[in-house]
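Participant: As input, take structure.txt (compact mmCIF, C-alpha atoms and all ligand atoms):
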# COMPACT_ATOMS: atom_id res chain seq x y z
CA MET A 1 -46.03 13.58 -4.90
CA ILE A 2 -49.11 15.48 -5.92
CA SER A 3 -52.14 13.86 -7.53
CA PHE A 4 -51.57 14.27 -11.23
CA ALA A 5 -55.14 14.35 -12.49
CA ALA A 6 -55.71 17.87 -11.23
CA ASN A 7 -53.23 19.80 -13.29
CA LEU A 8 -53.50 18.30 -16.73
CA CYS A 9 -55.55 20.22 -19.22
CA ARG A 10 -56.55 17.96 -22.06
CA LEU A 11 -56.98 20.18 -25.09
CA GLU A 12 -58.18 18.72 -28.31
CA LEU A 13 -56.68 20.36 -31.34
CA SER A 14 -59.02 21.10 -34.18
CA CYS A 15 -56.41 20.09 -36.76
CA PHE A 16 -55.29 16.68 -37.99
CA HIS A 17 -51.67 15.67 -37.89
CA GLY A 18 -50.13 12.82 -39.87
CA GLY A 19 -53.57 11.33 -40.49
CA ARG A 20 -54.53 11.22 -36.80
CA ARG A 21 -56.36 13.69 -34.65
CA SER A 22 -53.73 15.17 -32.36
CA ILE A 23 -54.42 15.61 -28.68
CA ALA A 24 -51.90 17.56 -26.65
CA THR A 25 -51.99 17.43 -22.90
CA VAL A 26 -50.75 20.62 -21.29
CA ILE A 27 -48.96 20.24 -17.95
CA SER A 28 -49.75 23.32 -15.95
CA GLY A 29 -46.99 24.65 -13.71
CA ASN A 30 -49.42 27.23 -12.38
CA ILE A 31 -51.75 24.57 -11.00
CA THR A 32 -49.00 22.22 -9.76
CA SER A 33 -47.07 25.01 -8.06
CA LYS A 34 -50.24 26.21 -6.34
CA LEU A 35 -50.70 22.74 -4.83
CA VAL A 36 -47.06 22.74 -3.64
CA ARG A 37 -47.38 26.25 -2.18
CA GLU A 38 -50.57 25.34 -0.35
CA ARG A 39 -48.93 22.22 1.15
CA LEU A 40 -45.92 24.31 2.25
CA ARG A 41 -48.15 26.98 3.79
CA LYS A 42 -49.74 24.30 6.00
CA GLU A 43 -46.33 22.86 6.93
CA VAL A 44 -45.03 26.28 7.89
CA GLU A 45 -48.15 26.92 9.96
CA GLU A 46 -47.51 23.64 11.82
CA MET A 47 -43.88 24.52 12.57
CA SER A 48 -44.54 28.11 13.63
CA PHE A 49 -44.84 27.38 17.34
CA SER A 50 -43.46 30.17 19.55
CA GLY A 51 -43.06 32.47 16.55
CA PHE A 52 -40.65 30.26 14.56
CA ARG A 53 -40.57 30.97 10.83
CA PRO A 54 -38.36 29.63 8.05
CA GLY A 55 -35.96 32.35 6.89
CA LEU A 56 -34.71 33.00 3.35
CA VAL A 57 -32.25 35.59 2.05
CA VAL A 58 -31.99 36.50 -1.63
CA LEU A 59 -28.69 38.23 -2.26
CA GLN A 60 -28.52 40.32 -5.43
CA VAL A 61 -25.59 42.16 -6.90
CA GLY A 62 -26.66 44.98 -9.22
CA ASP A 63 -29.99 45.89 -10.71
CA ARG A 64 -30.91 43.71 -13.69
CA ASP A 65 -34.57 44.03 -14.71
CA ASP A 66 -35.06 40.27 -15.13
CA SER A 67 -33.48 39.52 -11.72
CA ASN A 68 -35.62 42.23 -10.08
CA LEU A 69 -38.74 40.58 -11.48
CA TYR A 70 -37.72 37.04 -10.41
CA ILE A 71 -36.82 38.27 -6.93
CA SER A 72 -40.09 40.15 -6.43
CA THR A 73 -41.99 36.95 -7.34
CA LYS A 74 -39.88 34.91 -4.88
CA LEU A 75 -40.53 37.42 -2.08
CA LYS A 76 -44.26 37.49 -2.78
CA VAL A 77 -44.57 33.68 -2.81
CA ALA A 78 -42.44 33.35 0.34
CA ALA A 79 -44.73 35.80 2.17
CA GLN A 80 -47.83 33.82 1.10
CA ILE A 81 -46.32 30.64 2.55
CA GLY A 82 -45.18 32.27 5.79
CA ILE A 83 -41.46 32.28 5.02
CA GLU A 84 -39.58 35.31 6.32
CA ALA A 85 -37.79 36.39 3.14
CA LYS A 86 -35.29 39.22 2.94
CA HIS A 87 -33.86 40.82 -0.16
CA VAL A 88 -30.27 42.07 0.19
CA ARG A 89 -29.18 44.15 -2.78
CA LEU A 90 -25.56 45.18 -3.21
CA PRO A 91 -24.62 47.87 -5.76
CA THR A 92 -22.97 47.05 -9.10
CA THR A 93 -19.78 48.47 -7.56
CA ALA A 94 -19.66 45.73 -4.89
CA THR A 95 -16.39 43.84 -4.81
CA GLN A 96 -15.99 40.08 -4.57
CA GLU A 97 -14.74 40.51 -1.00
CA GLU A 98 -17.89 42.44 -0.02
CA VAL A 99 -20.14 39.81 -1.55
CA LEU A 100 -18.25 37.07 0.31
CA GLN A 101 -18.54 39.04 3.58
CA HIS A 102 -22.31 39.27 3.20
CA ILE A 103 -22.55 35.55 2.52
CA THR A 104 -20.51 34.80 5.66
CA LEU A 105 -22.86 36.97 7.74
CA VAL A 106 -25.91 35.11 6.44
CA ASN A 107 -24.19 31.72 6.88
CA GLN A 108 -23.70 32.60 10.56
CA ASN A 109 -27.23 33.88 11.14
CA PRO A 110 -29.29 31.08 12.75
CA SER A 111 -32.62 32.65 11.79
CA VAL A 112 -31.81 32.25 8.08
CA HIS A 113 -32.25 28.71 6.73
CA GLY A 114 -31.86 29.39 3.03
CA LEU A 115 -29.58 31.69 1.03
CA ILE A 116 -29.57 32.16 -2.69
CA VAL A 117 -27.31 34.42 -4.70
CA GLN A 118 -29.37 35.63 -7.63
CA LEU A 119 -27.56 34.95 -10.90
CA PRO A 120 -26.14 36.34 -13.06
CA LEU A 121 -24.13 38.75 -10.90
CA ASP A 122 -24.39 42.30 -12.26
CA SER A 123 -21.14 43.92 -11.20
CA VAL A 124 -18.65 46.34 -12.71
CA ASN A 125 -15.95 44.36 -10.89
CA SER A 126 -14.81 40.93 -11.86
CA ILE A 127 -16.47 38.49 -9.47
CA ASN A 128 -15.92 34.75 -9.62
CA THR A 129 -19.46 33.32 -9.65
CA GLU A 130 -18.22 29.83 -8.78
CA LEU A 131 -16.37 31.14 -5.72
CA VAL A 132 -19.43 33.08 -4.60
CA THR A 133 -21.95 30.24 -5.00
CA ASN A 134 -19.56 27.89 -3.20
CA ALA A 135 -19.25 30.30 -0.28
CA VAL A 136 -22.88 29.60 0.62
CA SER A 137 -23.01 27.05 3.43
CA PRO A 138 -24.18 23.72 1.89
CA GLU A 139 -26.72 23.50 4.74
CA LYS A 140 -28.34 26.74 3.50
CA ASP A 141 -27.74 26.27 -0.23
CA VAL A 142 -31.42 26.04 -1.19
CA ASP A 143 -30.46 26.70 -4.82
CA GLY A 144 -28.60 23.36 -4.75
CA ILE A 145 -25.71 24.66 -6.84
CA SER A 146 -22.75 24.51 -4.48
CA CYS A 147 -20.12 21.89 -5.35
CA GLU A 148 -21.11 19.83 -2.31
CA ASN A 149 -24.80 19.62 -3.23
CA ALA A 150 -24.09 19.24 -6.97
CA GLY A 151 -21.54 16.51 -6.21
CA LYS A 152 -24.02 14.56 -4.10
CA LEU A 153 -26.61 14.83 -6.85
CA SER A 154 -24.16 13.67 -9.51
CA ARG A 155 -23.38 10.57 -7.39
CA GLY A 156 -27.04 9.80 -6.85
CA ASP A 157 -27.27 10.84 -3.18
CA LEU A 158 -30.56 12.61 -3.87
CA ALA A 159 -31.96 12.35 -0.35
CA ASP A 160 -28.86 13.95 1.15
CA CYS A 161 -28.73 17.21 -0.80
CA PHE A 162 -30.77 20.21 -1.92
CA LEU A 163 -32.00 19.58 -5.44
CA PRO A 164 -31.65 22.57 -7.81
CA CYS A 165 -35.02 24.28 -8.16
CA THR A 166 -35.62 24.30 -11.92
CA PRO A 167 -34.67 20.63 -12.56
CA ASN A 168 -36.58 19.55 -9.46
CA GLY A 169 -39.61 21.48 -10.73
CA CYS A 170 -39.24 19.75 -14.12
CA MET A 171 -39.22 16.34 -12.42
CA GLU A 172 -42.40 17.23 -10.56
CA LEU A 173 -44.05 18.21 -13.86
CA ILE A 174 -42.91 14.95 -15.47
CA ARG A 175 -44.42 13.06 -12.50
CA GLN A 176 -47.71 14.81 -13.19
CA THR A 177 -47.99 12.95 -16.51
CA GLY A 178 -48.13 9.63 -14.69
CA VAL A 179 -45.48 8.31 -17.13
CA SER A 180 -42.64 6.40 -15.46
CA VAL A 181 -39.17 7.87 -16.11
CA ALA A 182 -37.37 4.55 -15.51
CA GLY A 183 -36.02 3.07 -18.73
CA LYS A 184 -37.09 6.02 -20.91
CA HIS A 185 -34.73 7.75 -23.31
CA ALA A 186 -34.44 11.34 -22.05
CA VAL A 187 -32.73 14.15 -23.92
CA VAL A 188 -31.62 17.35 -22.19
CA ILE A 189 -30.67 20.39 -24.25
CA GLY A 190 -28.23 22.66 -22.39
CA ARG A 191 -25.56 21.93 -19.78
CA SER A 192 -25.72 24.95 -17.47
CA LYS A 193 -24.95 24.42 -13.79
CA ILE A 194 -28.44 25.57 -12.81
CA VAL A 195 -30.56 23.68 -15.35
CA GLY A 196 -29.03 21.29 -17.90
CA ALA A 197 -26.29 19.53 -15.91
CA PRO A 198 -28.40 18.82 -12.77
CA MET A 199 -31.37 17.88 -14.99
CA HIS A 200 -29.18 15.21 -16.58
CA ASP A 201 -28.27 13.89 -13.12
CA LEU A 202 -31.85 13.88 -11.83
CA LEU A 203 -33.15 11.99 -14.87
CA LEU A 204 -30.23 9.56 -14.67
CA TRP A 205 -30.83 8.74 -11.00
CA ASN A 206 -34.52 8.35 -11.75
CA HIS A 207 -33.28 5.60 -14.09
CA ALA A 208 -33.71 7.20 -17.52
CA THR A 209 -31.08 6.74 -20.24
CA VAL A 210 -29.93 10.32 -20.75
CA THR A 211 -28.34 12.21 -23.62
CA THR A 212 -27.26 15.79 -22.96
CA CYS A 213 -26.96 18.07 -26.00
CA HIS A 214 -25.11 21.38 -26.18
CA SER A 215 -23.70 23.92 -28.62
CA LYS A 216 -21.24 21.38 -30.07
CA THR A 217 -23.82 18.61 -30.58
CA ARG A 218 -23.69 17.69 -34.26
CA ASP A 219 -27.23 16.78 -35.27
CA LEU A 220 -29.67 18.22 -32.74
CA PRO A 221 -32.87 17.28 -34.63
CA GLU A 222 -31.65 13.68 -34.79
CA GLN A 223 -31.09 13.59 -31.01
CA VAL A 224 -34.41 15.29 -30.25
CA ALA A 225 -36.26 12.76 -32.44
CA LYS A 226 -35.10 9.97 -30.09
CA ALA A 227 -36.40 11.65 -26.93
CA GLU A 228 -39.30 10.11 -25.08
CA ILE A 229 -38.69 12.83 -22.51
CA LEU A 230 -37.26 16.13 -23.74
CA VAL A 231 -36.11 18.90 -21.38
CA VAL A 232 -34.93 22.10 -23.02
CA GLY A 233 -32.86 24.73 -21.21
CA ALA A 234 -30.98 26.31 -24.08
CA GLY A 235 -31.90 29.99 -23.66
CA ARG A 236 -32.86 30.45 -27.32
CA ALA A 237 -36.37 31.44 -28.36
CA ASP A 238 -38.31 28.78 -30.31
CA MET A 239 -35.11 26.82 -31.03
CA VAL A 240 -36.66 23.32 -30.94
CA ARG A 241 -39.06 22.84 -33.84
CA GLY A 242 -42.16 20.69 -33.49
CA GLU A 243 -41.13 18.58 -36.50
CA TRP A 244 -38.11 17.33 -34.52
CA VAL A 245 -40.24 16.08 -31.62
CA LYS A 246 -41.05 12.37 -31.28
CA GLU A 247 -44.79 11.62 -31.42
CA GLY A 248 -46.17 11.36 -27.90
CA ALA A 249 -43.03 12.69 -26.15
CA ILE A 250 -43.06 14.59 -22.87
CA VAL A 251 -41.74 18.09 -23.67
CA ILE A 252 -40.57 20.28 -20.78
CA ASP A 253 -39.57 23.81 -21.75
CA CYS A 254 -37.36 25.75 -19.29
CA GLY A 255 -36.89 28.74 -21.62
CA ILE A 256 -37.91 32.29 -20.75
CA ASN A 257 -37.19 34.51 -23.76
CA HIS A 258 -38.56 37.92 -24.64
CA VAL A 259 -39.40 38.45 -28.30
CA PRO A 260 -40.79 41.59 -29.99
CA ASP A 261 -44.58 41.63 -30.34
CA GLU A 262 -46.22 44.82 -31.56
CA THR A 263 -49.69 43.56 -30.58
CA LYS A 264 -48.72 43.73 -26.87
CA PRO A 265 -48.77 47.00 -24.90
CA SER A 266 -45.23 46.22 -23.69
CA GLY A 267 -44.10 45.58 -27.29
CA LYS A 268 -42.84 42.10 -26.38
CA ARG A 269 -43.98 38.68 -25.19
CA VAL A 270 -42.43 35.70 -23.45
CA VAL A 271 -41.74 32.47 -25.36
CA GLY A 272 -39.89 29.29 -24.48
CA ASP A 273 -37.02 27.45 -26.15
CA VAL A 274 -39.51 25.15 -27.89
CA HIS A 275 -41.69 26.33 -30.77
CA TYR A 276 -44.91 25.69 -28.90
CA ALA A 277 -47.51 25.69 -31.67
CA SER A 278 -45.71 23.02 -33.72
CA ALA A 279 -44.47 20.92 -30.76
CA TYR A 280 -48.01 20.89 -29.36
CA GLN A 281 -49.13 18.92 -32.40
CA ARG A 282 -46.66 16.08 -31.83
CA ALA A 283 -46.00 15.91 -28.09
CA GLY A 284 -48.02 13.72 -25.76
CA PHE A 285 -47.49 16.22 -22.95
CA ILE A 286 -46.10 19.74 -23.06
CA THR A 287 -45.43 22.59 -20.65
CA PRO A 288 -46.53 26.08 -21.65
CA VAL A 289 -44.43 29.25 -21.40
CA PRO A 290 -45.32 31.18 -19.35
CA GLY A 291 -47.09 29.09 -16.71
CA GLY A 292 -44.99 25.92 -16.95
CA VAL A 293 -41.54 25.49 -15.44
CA GLY A 294 -41.23 29.11 -14.17
CA PRO A 295 -43.72 28.89 -11.28
CA MET A 296 -42.35 25.44 -10.37
CA THR A 297 -38.83 26.86 -9.93
CA VAL A 298 -40.15 29.30 -7.33
CA ALA A 299 -42.24 26.61 -5.60
CA MET A 300 -39.21 24.30 -5.35
CA LEU A 301 -37.12 27.10 -3.84
CA MET A 302 -39.75 27.45 -1.14
CA GLU A 303 -39.81 23.67 -0.65
CA ASN A 304 -36.03 23.62 -0.14
CA THR A 305 -36.27 26.51 2.32
CA VAL A 306 -38.95 24.77 4.39
CA LYS A 307 -36.91 21.54 4.27
CA SER A 308 -33.85 23.42 5.51
CA ALA A 309 -35.85 25.03 8.33
CA ARG A 310 -37.19 21.60 9.34
CA ARG A 311 -33.64 20.18 9.41
CA PHE A 312 -32.57 23.15 11.55
CA LEU A 313 -35.37 22.47 14.04
CA GLN A 314 -34.45 18.78 14.18
CA ARG A 315 -30.80 19.64 14.89
CA GLU A 316 -31.88 22.07 17.62
CA LEU A 317 -34.15 19.46 19.22
CA SER A 318 -31.48 16.76 19.16
CA ARG A 319 -29.03 19.14 20.90
CA ARG A 320 -31.37 19.56 23.90
N1 LIG B 1 -31.32 33.26 -12.05
C1 LIG B 1 -32.27 32.70 -12.85
N2 LIG B 1 -32.73 31.57 -12.29
C2 LIG B 1 -32.07 31.41 -11.13
C3 LIG B 1 -32.13 30.42 -10.09
O1 LIG B 1 -32.86 29.43 -10.15
N3 LIG B 1 -31.27 30.62 -9.05
C4 LIG B 1 -30.44 31.69 -8.99
N4 LIG B 1 -29.65 31.79 -7.93
N5 LIG B 1 -30.37 32.61 -9.93
C5 LIG B 1 -31.18 32.47 -10.98
Output the structure of this file as structure tokens.
Facilitator:
Amino acid sequence: MISFAANLCRLELSCFHGGRRSIATVISGNITSKLVRERLRKEVEEMSFSGFRPGLVVLQVGDRDDSNLYISTKLKVAAQIGIEAKHVRLPTTATQEEVLQHITLVNQNPSVHGLIVQLPLDSVNSINTELVTNAVSPEKDVDGISCENAGKLSRGDLADCFLPCTPNGCMELIRQTGVSVAGKHAVVIGRSKIVGAPMHDLLLWNHATVTTCHSKTRDLPEQVAKAEILVVGAGRADMVRGEWVKEGAIVIDCGINHVPDETKPSGKRVVGDVHYASAYQRAGFITPVPGGVGPMTVAMLMENTVKSARRFLQRELSRR
């Protein structure tokens, strides 16, 4: 765990809320992820005897702009840490069989310790995402989304699996607050395989009482109002209003949404799933977007890759 004092920016708001002067504490993913990356860089340096380097492959199908951007960030961060990262891009015309063949090749390559299939798949053919993500060897599944890793997480075998990067990054940000998760009422919005469902499991096995909300949840504001810890991965810009948030809650926003903004040269800006300005006035701690969960997701991918490389080295040593 990282020292939490370093990455909390205490910002006093100039307004009054509900008769009290509100103070929001911003949990910076930029600062926390930098600490993680620096630690990993040192670890990689220590393990790089006789030219050894952790290896990561990012397999992409198609050419989505958002995926291209995420992948270029992953490659850049990997290079800074000393991870040998390779981007394999298959055309949108790739078939399921071709994708599976590439995964098999990487599974068999001993110099690759981590493999992620960038989602969503952008193919003109029908490809079963579940089949593809499950084809990744669990030993190299640094995304932590194969059935084997997800199953271990859901049963509480946290030390024996790769934890999915976004939820693991959220947990690290929650740790930064210094608030204990055990016994808290946590609410997760969203039940995707990559964010919501594993977030539920991680909070549960860190001993929170967890409610997971989704599109069929009847009274979302009522659920949110009960949350001492709120994690939102809904994929809808500004969906959670500040008025719903419990005073003093920890608010973790996994959303990355582009909304029109004529004041920006690009004509758009990035916002989260939480309406930041209003939630800021009620939350005890809040993550910004951008600069919150996003950089932590990348840092946790690197952490899993280094962990996998270390396990590989240990297996090699024990064979000798
Ligand atoms: N697409 C957006 N986020 C992710 C992620 O964390 N992993 C993968 N594989 N694809 C993504």
Participant: Could you give me the axis-aligned bounding box of stretch 161-179 of chain A, with 3 Å of padding per side, as centre plus edge lengths in Å to one decimal, as lines of an AutoDock Vina configuration file?
Facilitator:
center_x = -38.4
center_y = 16.3
center_z = -9.0
size_x = 25.4
size_y = 22.0
size_z = 22.3
Participant: Could you give me the residues within 10 Å of ligand LIG 1 (chain B), counting all atoms listed in the file, as number ranges by chain?
Facilitator: A: 58-60, 66-67, 70-71, 115-121, 133, 141-145, 164-167, 194-195, 256, 294, 297-298, 300-301
Participant: Do you have, as CSV, the list of residues of stretch 243-274 of chain A lying at most 9 Å from stretch 216-221 of chain A, each with its nearest atom pair and that distance in Å to one decimal, counting all atoms listed in the file and ordered by chain then number?
Facilitator:
residue,atom,partner,partner_atom,distance
A:Glu243,CA,A:Pro221,CA,8.6
A:Trp244,CA,A:Pro221,CA,5.2
A:Val245,CA,A:Pro221,CA,8.1
Participant: Check the smallest atom-to-atom distance from each of A:Ala299, A:Ala78, A:Val26, A:Val187 to A:Glu222 using all atoms listed in the file, then report the winner.
Facilitator: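 The closest residue to A:Glu222 is A:Val187.
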Participant: Compute the distance from (-46.5, 20.3, -3.5) to each atom, counting all atoms listed in the file, keep the residues with any atom at most 10 Å away, and return them as a list of chain:residue names; use the coordinates of the file.
Facilitator: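 The residues that fall inside the cut-off are A:Met1, A:Ile2, A:Ser3, A:Thr32, A:Ser33, A:Lys34, A:Leu35, A:Val36, A:Arg37, A:Glu38, A:Arg39, A:Leu40, A:Glu172, A:Met296, A:Ala299, A:Met300, A:Glu303.
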Participant: Counting all atoms listed in the file, which residue out of A:Arg53, A:Asn125, A:Met199, A:Thr104 sits closest to A:Ala150?
Facilitator: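 Closest to A:Ala150, using all atoms listed in the file: A:Met199.
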Participant: Between A:Asp253, A:Glu148, A:Glu228, A:Asp273, which residue has the minimum interatomic distance to A:Val240, considering all atoms listed in the file?
Facilitator: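 The shortest atom-to-atom distance to A:Val240 comes from A:Asp273.
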Participant: What is the atom CA of A:Pro295 to atom CA of A:Gly82 distance in Å?
Facilitator: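 These atoms are spaced 17.5 Å apart.
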